[in-house]
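K.L.:
The file below is model16.pdb, PDB, C-alpha atoms and all ligand atoms:
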ATOM      1  CA  MET A   1     -16.859  39.236  39.723  1.00  0.00           C
ATOM      2  CA  SER A   2     -15.973  36.257  37.488  1.00  0.00           C
ATOM      3  CA  GLN A   3     -18.628  34.158  35.732  1.00  0.00           C
ATOM      4  CA  THR A   4     -17.980  31.282  38.168  1.00  0.00           C
ATOM      5  CA  GLU A   5     -18.408  33.558  41.190  1.00  0.00           C
ATOM      6  CA  LEU A   6     -21.618  34.938  39.726  1.00  0.00           C
ATOM      7  CA  THR A   7     -22.978  31.419  39.121  1.00  0.00           C
ATOM      8  CA  HIS A   8     -22.090  30.439  42.687  1.00  0.00           C
ATOM      9  CA  GLU A   9     -23.738  33.564  44.115  1.00  0.00           C
ATOM     10  CA  ARG A  10     -26.955  32.753  42.241  1.00  0.00           C
ATOM     11  CA  LEU A  11     -26.882  29.128  43.342  1.00  0.00           C
ATOM     12  CA  ILE A  12     -26.244  30.033  46.976  1.00  0.00           C
ATOM     13  CA  GLU A  13     -29.094  32.571  46.822  1.00  0.00           C
ATOM     14  CA  THR A  14     -31.443  29.912  45.391  1.00  0.00           C
ATOM     15  CA  TYR A  15     -30.586  27.394  48.103  1.00  0.00           C
ATOM     16  CA  ARG A  16     -30.691  29.980  50.881  1.00  0.00           C
ATOM     17  CA  LYS A  17     -34.363  30.436  49.968  1.00  0.00           C
ATOM     18  CA  LYS A  18     -34.962  26.680  49.910  1.00  0.00           C
ATOM     19  CA  ALA A  19     -32.934  25.655  52.958  1.00  0.00           C
ATOM     20  CA  LYS A  20     -35.553  26.182  55.661  1.00  0.00           C
ATOM     21  CA  ARG A  21     -38.197  24.031  53.999  1.00  0.00           C
ATOM     22  CA  TYR A  22     -35.886  21.718  52.025  1.00  0.00           C
ATOM     23  CA  ASP A  23     -36.488  18.626  54.167  1.00  0.00           C
ATOM     24  CA  VAL A  24     -40.242  18.922  53.622  1.00  0.00           C
ATOM     25  CA  THR A  25     -40.255  20.037  49.989  1.00  0.00           C
ATOM     26  CA  SER A  26     -37.631  17.477  48.991  1.00  0.00           C
ATOM     27  CA  ARG A  27     -40.127  14.743  49.876  1.00  0.00           C
ATOM     28  CA  LEU A  28     -42.032  15.904  46.802  1.00  0.00           C
ATOM     29  CA  TYR A  29     -38.841  15.978  44.753  1.00  0.00           C
ATOM     30  CA  PRO A  30     -38.820  15.605  41.831  1.00  0.00           C
ATOM     31  CA  ALA A  31     -42.517  14.727  41.998  1.00  0.00           C
ATOM     32  CA  PRO A  32     -44.950  13.524  44.666  1.00  0.00           C
ATOM     33  CA  GLY A  33     -44.544   9.771  45.153  1.00  0.00           C
ATOM     34  CA  TYR A  34     -41.086   9.681  43.571  1.00  0.00           C
ATOM     35  CA  PRO A  35     -39.066   6.872  45.225  1.00  0.00           C
ATOM     36  CA  GLN A  36     -36.337   9.188  46.445  1.00  0.00           C
ATOM     37  CA  ARG A  37     -35.790   7.423  49.771  1.00  0.00           C
ATOM     38  CA  ASP A  38     -35.483   4.025  48.068  1.00  0.00           C
ATOM     39  CA  GLN A  39     -32.939   5.526  45.698  1.00  0.00           C
ATOM     40  CA  ARG A  40     -30.926   6.981  48.598  1.00  0.00           C
ATOM     41  CA  ILE A  41     -30.914   3.608  50.359  1.00  0.00           C
ATOM     42  CA  ARG A  42     -29.705   1.980  47.156  1.00  0.00           C
ATOM     43  CA  ALA A  43     -26.940   4.551  46.770  1.00  0.00           C
ATOM     44  CA  VAL A  44     -25.710   4.071  50.341  1.00  0.00           C
ATOM     45  CA  ARG A  45     -25.723   0.286  49.857  1.00  0.00           C
ATOM     46  CA  ALA A  46     -23.626   0.714  46.734  1.00  0.00           C
ATOM     47  CA  LEU A  47     -20.925   2.381  48.874  1.00  0.00           C
ATOM     48  CA  ARG A  48     -20.330  -1.002  50.576  1.00  0.00           C
ATOM     49  CA  LEU A  49     -19.401   0.795  53.794  1.00  0.00           C
ATOM     50  CA  ARG A  50     -18.138  -0.979  56.876  1.00  0.00           C
ATOM     51  CA  PRO A  51     -18.315   0.214  60.465  1.00  0.00           C
ATOM     52  CA  GLY A  52     -15.536   2.705  61.146  1.00  0.00           C
ATOM     53  CA  ALA A  53     -15.271   3.898  57.520  1.00  0.00           C
ATOM     54  CA  THR A  54     -14.735   7.510  56.447  1.00  0.00           C
ATOM     55  CA  VAL A  55     -17.169   8.857  53.845  1.00  0.00           C
ATOM     56  CA  VAL A  56     -17.481  12.198  52.081  1.00  0.00           C
ATOM     57  CA  ASP A  57     -21.035  13.314  51.246  1.00  0.00           C
ATOM     58  CA  MET A  58     -20.409  15.757  48.401  1.00  0.00           C
ATOM     59  CA  ALA A  59     -23.007  18.562  48.121  1.00  0.00           C
ATOM     60  CA  CYS A  60     -24.677  17.114  51.199  1.00  0.00           C
ATOM     61  CA  GLY A  61     -27.320  19.835  51.503  1.00  0.00           C
ATOM     62  CA  THR A  62     -29.208  19.546  54.794  1.00  0.00           C
ATOM     63  CA  GLY A  63     -27.736  16.098  55.472  1.00  0.00           C
ATOM     64  CA  LEU A  64     -30.626  13.868  54.415  1.00  0.00           C
ATOM     65  CA  ASN A  65     -28.140  11.037  53.822  1.00  0.00           C
ATOM     66  CA  PHE A  66     -26.553  11.324  57.257  1.00  0.00           C
ATOM     67  CA  PRO A  67     -28.935   8.957  59.124  1.00  0.00           C
ATOM     68  CA  LEU A  68     -28.386   6.252  56.481  1.00  0.00           C
ATOM     69  CA  LEU A  69     -24.610   6.735  56.558  1.00  0.00           C
ATOM     70  CA  GLU A  70     -24.456   6.853  60.368  1.00  0.00           C
ATOM     71  CA  LYS A  71     -26.309   3.555  60.532  1.00  0.00           C
ATOM     72  CA  VAL A  72     -23.511   1.814  58.627  1.00  0.00           C
ATOM     73  CA  VAL A  73     -20.314   3.592  59.669  1.00  0.00           C
ATOM     74  CA  GLY A  74     -21.359   3.823  63.325  1.00  0.00           C
ATOM     75  CA  PRO A  75     -19.794   6.057  65.977  1.00  0.00           C
ATOM     76  CA  GLY A  76     -16.288   4.842  65.047  1.00  0.00           C
ATOM     77  CA  GLY A  77     -16.698   6.094  61.487  1.00  0.00           C
ATOM     78  CA  ARG A  78     -16.408   9.590  60.108  1.00  0.00           C
ATOM     79  CA  ILE A  79     -18.627  11.596  57.758  1.00  0.00           C
ATOM     80  CA  VAL A  80     -17.519  14.776  55.994  1.00  0.00           C
ATOM     81  CA  GLY A  81     -20.385  16.799  54.531  1.00  0.00           C
ATOM     82  CA  VAL A  82     -19.413  19.317  51.850  1.00  0.00           C
ATOM     83  CA  ASP A  83     -21.669  21.981  50.364  1.00  0.00           C
ATOM     84  CA  LEU A  84     -21.455  25.392  48.742  1.00  0.00           C
ATOM     85  CA  THR A  85     -24.477  26.894  50.500  1.00  0.00           C
ATOM     86  CA  ASP A  86     -24.105  28.160  54.066  1.00  0.00           C
ATOM     87  CA  ALA A  87     -27.847  27.947  54.777  1.00  0.00           C
ATOM     88  CA  MET A  88     -28.046  24.278  53.725  1.00  0.00           C
ATOM     89  CA  LEU A  89     -25.064  23.506  55.960  1.00  0.00           C
ATOM     90  CA  ALA A  90     -26.751  25.341  58.839  1.00  0.00           C
ATOM     91  CA  ARG A  91     -29.702  22.921  58.533  1.00  0.00           C
ATOM     92  CA  ALA A  92     -27.254  20.019  58.373  1.00  0.00           C
ATOM     93  CA  GLN A  93     -25.642  21.316  61.570  1.00  0.00           C
ATOM     94  CA  ASP A  94     -29.092  21.403  63.241  1.00  0.00           C
ATOM     95  CA  ARG A  95     -29.622  17.771  62.247  1.00  0.00           C
ATOM     96  CA  ILE A  96     -26.215  16.802  63.672  1.00  0.00           C
ATOM     97  CA  ALA A  97     -26.941  18.573  66.974  1.00  0.00           C
ATOM     98  CA  LYS A  98     -30.438  17.097  67.223  1.00  0.00           C
ATOM     99  CA  ASN A  99     -29.116  13.565  66.766  1.00  0.00           C
ATOM    100  CA  GLY A 100     -26.051  14.064  68.960  1.00  0.00           C
ATOM    101  CA  TRP A 101     -23.669  12.838  66.262  1.00  0.00           C
ATOM    102  CA  SER A 102     -20.083  13.687  67.091  1.00  0.00           C
ATOM    103  CA  ASN A 103     -18.379  12.163  64.053  1.00  0.00           C
ATOM    104  CA  ILE A 104     -19.657  14.469  61.299  1.00  0.00           C
ATOM    105  CA  SER A 105     -17.780  17.544  60.132  1.00  0.00           C
ATOM    106  CA  LEU A 106     -19.107  20.077  57.645  1.00  0.00           C
ATOM    107  CA  VAL A 107     -17.111  22.047  55.105  1.00  0.00           C
ATOM    108  CA  GLN A 108     -18.398  24.952  53.034  1.00  0.00           C
ATOM    109  CA  SER A 109     -16.736  24.563  49.663  1.00  0.00           C
ATOM    110  CA  ASP A 110     -17.320  24.413  45.957  1.00  0.00           C
ATOM    111  CA  ALA A 111     -17.215  20.767  44.904  1.00  0.00           C
ATOM    112  CA  ALA A 112     -14.817  21.709  42.116  1.00  0.00           C
ATOM    113  CA  SER A 113     -12.145  23.081  44.458  1.00  0.00           C
ATOM    114  CA  PHE A 114     -12.691  20.782  47.454  1.00  0.00           C
ATOM    115  CA  ASP A 115      -9.522  19.197  48.710  1.00  0.00           C
ATOM    116  CA  PHE A 116     -10.605  15.605  49.455  1.00  0.00           C
ATOM    117  CA  PRO A 117      -9.009  14.078  52.561  1.00  0.00           C
ATOM    118  CA  ALA A 118      -6.352  11.537  51.630  1.00  0.00           C
ATOM    119  CA  GLU A 119      -7.268   7.849  51.809  1.00  0.00           C
ATOM    120  CA  VAL A 120     -10.996   8.445  52.099  1.00  0.00           C
ATOM    121  CA  GLY A 121     -12.981   5.200  52.189  1.00  0.00           C
ATOM    122  CA  ALA A 122     -16.000   6.279  50.130  1.00  0.00           C
ATOM    123  CA  ILE A 123     -17.581   9.269  48.385  1.00  0.00           C
ATOM    124  CA  LEU A 124     -21.285   9.801  47.823  1.00  0.00           C
ATOM    125  CA  SER A 125     -23.176  12.516  45.990  1.00  0.00           C
ATOM    126  CA  THR A 126     -26.971  12.536  45.699  1.00  0.00           C
ATOM    127  CA  TYR A 127     -29.169  14.767  43.532  1.00  0.00           C
ATOM    128  CA  ALA A 128     -26.453  17.390  43.203  1.00  0.00           C
ATOM    129  CA  LEU A 129     -23.508  16.590  40.956  1.00  0.00           C
ATOM    130  CA  THR A 130     -25.278  17.278  37.641  1.00  0.00           C
ATOM    131  CA  GLN A 131     -25.599  20.876  38.855  1.00  0.00           C
ATOM    132  CA  VAL A 132     -21.839  21.241  39.048  1.00  0.00           C
ATOM    133  CA  PRO A 133     -20.367  22.243  35.672  1.00  0.00           C
ATOM    134  CA  GLU A 134     -17.012  20.657  36.578  1.00  0.00           C
ATOM    135  CA  CYS A 135     -18.645  17.345  37.610  1.00  0.00           C
ATOM    136  CA  ALA A 136     -16.115  15.222  35.670  1.00  0.00           C
ATOM    137  CA  ASP A 137     -13.221  16.939  37.494  1.00  0.00           C
ATOM    138  CA  VAL A 138     -14.942  16.326  40.832  1.00  0.00           C
ATOM    139  CA  ILE A 139     -15.139  12.601  40.000  1.00  0.00           C
ATOM    140  CA  ALA A 140     -11.445  12.603  39.045  1.00  0.00           C
ATOM    141  CA  HIS A 141     -10.300  14.479  42.186  1.00  0.00           C
ATOM    142  CA  GLY A 142     -12.361  12.191  44.398  1.00  0.00           C
ATOM    143  CA  ALA A 143     -11.128   9.031  42.661  1.00  0.00           C
ATOM    144  CA  LYS A 144      -7.514  10.029  43.337  1.00  0.00           C
ATOM    145  CA  ALA A 145      -8.249  10.570  47.054  1.00  0.00           C
ATOM    146  CA  LEU A 146      -9.972   7.197  47.558  1.00  0.00           C
ATOM    147  CA  SER A 147      -8.115   4.449  49.336  1.00  0.00           C
ATOM    148  CA  GLY A 148      -7.685   1.134  47.469  1.00  0.00           C
ATOM    149  CA  GLY A 149     -11.066  -0.582  47.214  1.00  0.00           C
ATOM    150  CA  GLY A 150     -12.863   2.684  48.096  1.00  0.00           C
ATOM    151  CA  ARG A 151     -16.134   3.430  46.342  1.00  0.00           C
ATOM    152  CA  TRP A 152     -17.463   6.502  44.484  1.00  0.00           C
ATOM    153  CA  VAL A 153     -21.262   6.562  44.113  1.00  0.00           C
ATOM    154  CA  VAL A 154     -23.340   9.188  42.333  1.00  0.00           C
ATOM    155  CA  LEU A 155     -27.144   9.260  42.395  1.00  0.00           C
ATOM    156  CA  ASP A 156     -28.796  11.989  40.372  1.00  0.00           C
ATOM    157  CA  LEU A 157     -31.523  12.876  37.939  1.00  0.00           C
ATOM    158  CA  LYS A 158     -31.315  12.750  34.175  1.00  0.00           C
ATOM    159  CA  VAL A 159     -33.554  13.197  31.190  1.00  0.00           C
ATOM    160  CA  PRO A 160     -34.971   9.827  30.114  1.00  0.00           C
ATOM    161  CA  GLY A 161     -33.928   8.477  26.738  1.00  0.00           C
ATOM    162  CA  ARG A 162     -36.585   6.863  24.575  1.00  0.00           C
ATOM    163  CA  THR A 163     -39.530   7.438  26.873  1.00  0.00           C
ATOM    164  CA  PRO A 164     -43.008   8.927  26.539  1.00  0.00           C
ATOM    165  CA  GLY A 165     -43.348  12.716  26.577  1.00  0.00           C
ATOM    166  CA  TRP A 166     -44.926  12.845  30.038  1.00  0.00           C
ATOM    167  CA  LEU A 167     -41.909  11.131  31.521  1.00  0.00           C
ATOM    168  CA  THR A 168     -39.517  13.485  29.798  1.00  0.00           C
ATOM    169  CA  GLN A 169     -41.505  16.358  31.278  1.00  0.00           C
ATOM    170  CA  LEU A 170     -41.230  14.777  34.717  1.00  0.00           C
ATOM    171  CA  GLY A 171     -37.483  14.486  34.312  1.00  0.00           C
ATOM    172  CA  THR A 172     -37.046  18.044  33.137  1.00  0.00           C
ATOM    173  CA  ALA A 173     -39.427  19.573  35.672  1.00  0.00           C
ATOM    174  CA  THR A 174     -37.168  18.223  38.367  1.00  0.00           C
ATOM    175  CA  VAL A 175     -34.279  20.519  37.605  1.00  0.00           C
ATOM    176  CA  ARG A 176     -36.156  23.622  36.604  1.00  0.00           C
ATOM    177  CA  PRO A 177     -35.800  25.238  40.023  1.00  0.00           C
ATOM    178  CA  PHE A 178     -32.114  24.422  40.233  1.00  0.00           C
ATOM    179  CA  ALA A 179     -30.574  25.215  36.919  1.00  0.00           C
ATOM    180  CA  ALA A 180     -31.345  26.751  33.591  1.00  0.00           C
ATOM    181  CA  ILE A 181     -33.207  23.845  32.091  1.00  0.00           C
ATOM    182  CA  ASP A 182     -31.957  24.418  28.554  1.00  0.00           C
ATOM    183  CA  ASP A 183     -28.379  24.515  29.736  1.00  0.00           C
ATOM    184  CA  TRP A 184     -28.815  21.363  31.829  1.00  0.00           C
ATOM    185  CA  MET A 185     -30.435  19.470  28.961  1.00  0.00           C
ATOM    186  CA  MET A 186     -27.865  20.650  26.461  1.00  0.00           C
ATOM    187  CA  ARG A 187     -24.921  19.829  28.710  1.00  0.00           C
ATOM    188  CA  ARG A 188     -26.307  16.361  29.538  1.00  0.00           C
ATOM    189  CA  PRO A 189     -24.018  16.250  32.600  1.00  0.00           C
ATOM    190  CA  TRP A 190     -24.961  12.668  33.436  1.00  0.00           C
ATOM    191  CA  GLU A 191     -23.044  11.599  30.309  1.00  0.00           C
ATOM    192  CA  ALA A 192     -19.903  13.398  31.511  1.00  0.00           C
ATOM    193  CA  ILE A 193     -20.325  11.706  34.887  1.00  0.00           C
ATOM    194  CA  ARG A 194     -20.693   8.294  33.245  1.00  0.00           C
ATOM    195  CA  VAL A 195     -17.544   8.780  31.148  1.00  0.00           C
ATOM    196  CA  ALA A 196     -15.540  10.125  34.111  1.00  0.00           C
ATOM    197  CA  MET A 197     -16.540   7.149  36.261  1.00  0.00           C
ATOM    198  CA  GLN A 198     -15.465   4.781  33.458  1.00  0.00           C
ATOM    199  CA  GLU A 199     -12.144   6.550  33.022  1.00  0.00           C
ATOM    200  CA  GLU A 200     -11.229   7.066  36.671  1.00  0.00           C
ATOM    201  CA  LEU A 201     -12.492   3.930  38.414  1.00  0.00           C
ATOM    202  CA  ALA A 202     -12.446   0.161  38.174  1.00  0.00           C
ATOM    203  CA  ASP A 203     -15.626  -1.896  37.742  1.00  0.00           C
ATOM    204  CA  PRO A 204     -17.810   1.062  36.820  1.00  0.00           C
ATOM    205  CA  THR A 205     -21.540   0.384  36.888  1.00  0.00           C
ATOM    206  CA  TRP A 206     -24.390   2.482  35.550  1.00  0.00           C
ATOM    207  CA  THR A 207     -27.986   1.774  36.511  1.00  0.00           C
ATOM    208  CA  GLU A 208     -30.949   3.745  35.246  1.00  0.00           C
ATOM    209  CA  LEU A 209     -33.701   4.185  37.818  1.00  0.00           C
ATOM    210  CA  PHE A 210     -37.386   4.974  37.652  1.00  0.00           C
ATOM    211  CA  PHE A 211     -37.906   4.891  33.864  1.00  0.00           C
ATOM    212  CA  GLY A 212     -34.577   6.569  33.199  1.00  0.00           C
ATOM    213  CA  THR A 213     -35.335   9.714  35.218  1.00  0.00           C
ATOM    214  CA  ALA A 214     -32.408   8.992  37.555  1.00  0.00           C
ATOM    215  CA  PHE A 215     -29.135   7.084  37.512  1.00  0.00           C
ATOM    216  CA  LEU A 216     -26.889   5.360  39.982  1.00  0.00           C
ATOM    217  CA  ALA A 217     -23.249   5.401  38.919  1.00  0.00           C
ATOM    218  CA  ALA A 218     -20.635   3.584  40.981  1.00  0.00           C
ATOM    219  CA  GLY A 219     -17.025   2.544  40.747  1.00  0.00           C
ATOM    220  CA  THR A 220     -14.110   1.300  42.813  1.00  0.00           C
ATOM    221  CA  ARG A 221     -10.572   2.608  43.257  1.00  0.00           C
ATOM    222  CA  SER A 222      -8.218  -0.171  42.254  1.00  0.00           C
ATOM    223  CA  PRO A 223      -6.177  -1.419  45.175  1.00  0.00           C
ATOM    224  CA  GLY A 224      -2.513  -0.426  44.920  1.00  0.00           C
TER     225      GLY A 224
HETATM  226  C1  LIG B   1     -30.873  19.293  45.369  1.00  0.00           C
HETATM  227  S1  LIG B   1     -29.732  19.655  46.682  1.00  0.00           S
HETATM  228  C2  LIG B   1     -29.243  18.000  47.166  1.00  0.00           C
HETATM  229  C3  LIG B   1     -28.747  17.982  48.567  1.00  0.00           C
HETATM  230  C4  LIG B   1     -28.432  16.601  49.121  1.00  0.00           C
HETATM  231  N1  LIG B   1     -27.316  15.980  48.437  1.00  0.00           N
HETATM  232  C5  LIG B   1     -29.626  15.692  49.063  1.00  0.00           C
HETATM  233  O1  LIG B   1     -29.510  14.588  48.509  1.00  0.00           O
HETATM  234  O2  LIG B   1     -30.675  16.068  49.599  1.00  0.00           O
HETATM  235  C6  LIG B   1     -28.296  20.217  45.815  1.00  0.00           C
HETATM  236  C7  LIG B   1     -27.178  20.698  46.735  1.00  0.00           C
HETATM  237  O3  LIG B   1     -25.999  20.873  45.956  1.00  0.00           O
HETATM  238  C8  LIG B   1     -25.296  21.987  46.441  1.00  0.00           C
HETATM  239  N2  LIG B   1     -24.394  22.429  45.384  1.00  0.00           N
HETATM  240  C9  LIG B   1     -24.723  22.844  44.144  1.00  0.00           C
HETATM  241  N3  LIG B   1     -23.609  23.167  43.457  1.00  0.00           N
HETATM  242  C10 LIG B   1     -22.564  22.936  44.273  1.00  0.00           C
HETATM  243  C11 LIG B   1     -21.160  23.048  44.127  1.00  0.00           C
HETATM  244  N4  LIG B   1     -20.605  23.518  43.001  1.00  0.00           N
HETATM  245  N5  LIG B   1     -20.370  22.706  45.163  1.00  0.00           N
HETATM  246  C12 LIG B   1     -20.903  22.235  46.318  1.00  0.00           C
HETATM  247  N6  LIG B   1     -22.237  22.109  46.523  1.00  0.00           N
HETATM  248  C13 LIG B   1     -23.049  22.451  45.502  1.00  0.00           C
HETATM  249  C14 LIG B   1     -26.386  22.980  46.809  1.00  0.00           C
HETATM  250  O4  LIG B   1     -25.923  23.964  47.706  1.00  0.00           O
HETATM  251  C15 LIG B   1     -27.435  22.064  47.406  1.00  0.00           C
HETATM  252  O5  LIG B   1     -27.283  21.940  48.797  1.00  0.00           O
END
Starting from the file, lay out its structure as structure tokens.
P.N.:
Amino acid sequence: MSQTELTHERLIETYRKKAKRYDVTSRLYPAPGYPQRDQRIRAVRALRLRPGATVVDMACGTGLNFPLLEKVVGPGGRIVGVDLTDAMLARAQDRIAKNGWSNISLVQSDAASFDFPAEVGAILSTYALTQVPECADVIAHGAKALSGGGRWVVLDLKVPGRTPGWLTQLGTATVRPFAAIDDWMMRRPWEAIRVAMQEELADPTWTELFFGTAFLAAGTRSPG
């Protein structure tokens, strides 16, 4: 088994254990009272979606973004949820069935090898992309698949910069269950994401949220 396969196996195992209770436990993520829902709403707004649009939710997990996306794209739109973990996708499928949505398809895939549909209107990834070692490549692949004027939006956690120790601890505690903390901190994947967004997209924006413990990165595919 290659190193990548081994890493994927471990990640899938971790999320298989979390899947059943993810919707409840994620409300406490990364800490009780953390404004996660506000951040999701902000990320979906940054997509600038219109009714009928097609959007990819990369590493969608159990589909916590789906209600927000459905509200904007409507029944004439299309949502493609992508995730590596079968058990997380099974919960997403439950959510789809429960809500009677007929315009969402799910794909089990590694973000790094996902073949984005051509001319996709928007791509979103929340609280996931910094876990993907090839995150810069994922940004680049997605940017190439976007239609002119399409938006790429990434919301994720980061370690705060010049902030008090307790806040740094909050930021780091958030990823401990998901990745080797030392590796995550050393890799500083949010920086790779920021650079990739700047290189691949027009009008890149970078907004630090909640004392620098999260970021919202967005950019637009140039028309033509
Ligand atoms: C913290 S959860 C976030 C889920 C969802 N985006 C949300 O906002 O609730 C991280 C998700 O990323 C997925 N994931 C991690 N690495 C991945 C990869 N390389 N390719 C696709 N999905 C991945 C996991 O399976 C998990 O469902």
K.L.:
Using the chain letters and numbers from this file, what does the PyMOL selection byres (((chain A and resi 71-78) around 8) and not hetatm) select? Give the answer as a VMD selection string.
P.N.:
chain A and resid 49 to 55 67 to 70 79 to 80 101 to 104
K.L.:
Of the residues A:Thr7, A:Gln131, A:Ser105, A:Ser2, which is the one nearest to Ala192 of chain A, using all atoms listed in the file?
P.N.:
A:Gln131
K.L.:
Could you tell me which residues the PyMOL selection byres (((not hetatm)) within 6 of (chain B and resi 1)) grabs in this file, written as a list in words?
P.N.:
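Given this file, the PyMOL selection byres (((not hetatm)) within 6 of (chain B and resi 1)) evaluates to Tyr15, Ala59, Cys60, Gly61, Leu64, Asp83, Leu84, Thr85, Met88, Ser109, Asp110, Ala111, Ser125, Thr126, Tyr127, Ala128, Gln131 and Val132 of chain A.
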K.L.:
Run the PyMOL selection byres (((chain A and resi 145-150) around 12) and not hetatm) against the file shown and list the residues it catches, as number ranges by chain.
P.N.:
A: 46-50, 53-56, 114-124, 138-144, 151-153, 200-203, 218-224
K.L.:
Mind pulling up the distance from atom CA of Tyr22 of chain A to atom CA of Thr4 of chain A?
P.N.:
24.6 Å
K.L.:
Any idea what's packed within 10 Å of Arg27 of chain A, counting only C-alpha atoms, ignoring anything in its chain fewer than 6 positions away? Could you give it as a list in words?
P.N.:
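Near neighbours after the sequence-gap exclusion: Gly33, Tyr34, Pro35, Gln36 and Arg37 of chain A.
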K.L.:
Quote the spacing between atom CA of Trp190 of chain A and atom CA of Lys18 of chain A in Å to one decimal place.
P.N.:
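Separation between atom CA of Trp190 of chain A and atom CA of Lys18 of chain A: 23.8 Å.
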K.L.:
Can you measure atom CA of Pro30 of chain A to atom CA of Thr207 of chain A for me? One decimal in Å is fine.
P.N.:
18.4 Å
K.L.:
Calculated over all atoms listed in the file, which of the candidates A:Ala217, A:Met58, A:Ala196, A:Ala136 has the smallest distance to Lys158 of chain A?
P.N.:
A:Ala217
K.L.:
Neighbouring residues of Cys135 of chain A were defined as those with any atom within 7 Å, considering all atoms listed in the file; residues of the same chain fewer than 5 positions away were excluded. Please report them as a list in words.
P.N.:
Leu129, Thr130 and Ile193 of chain A
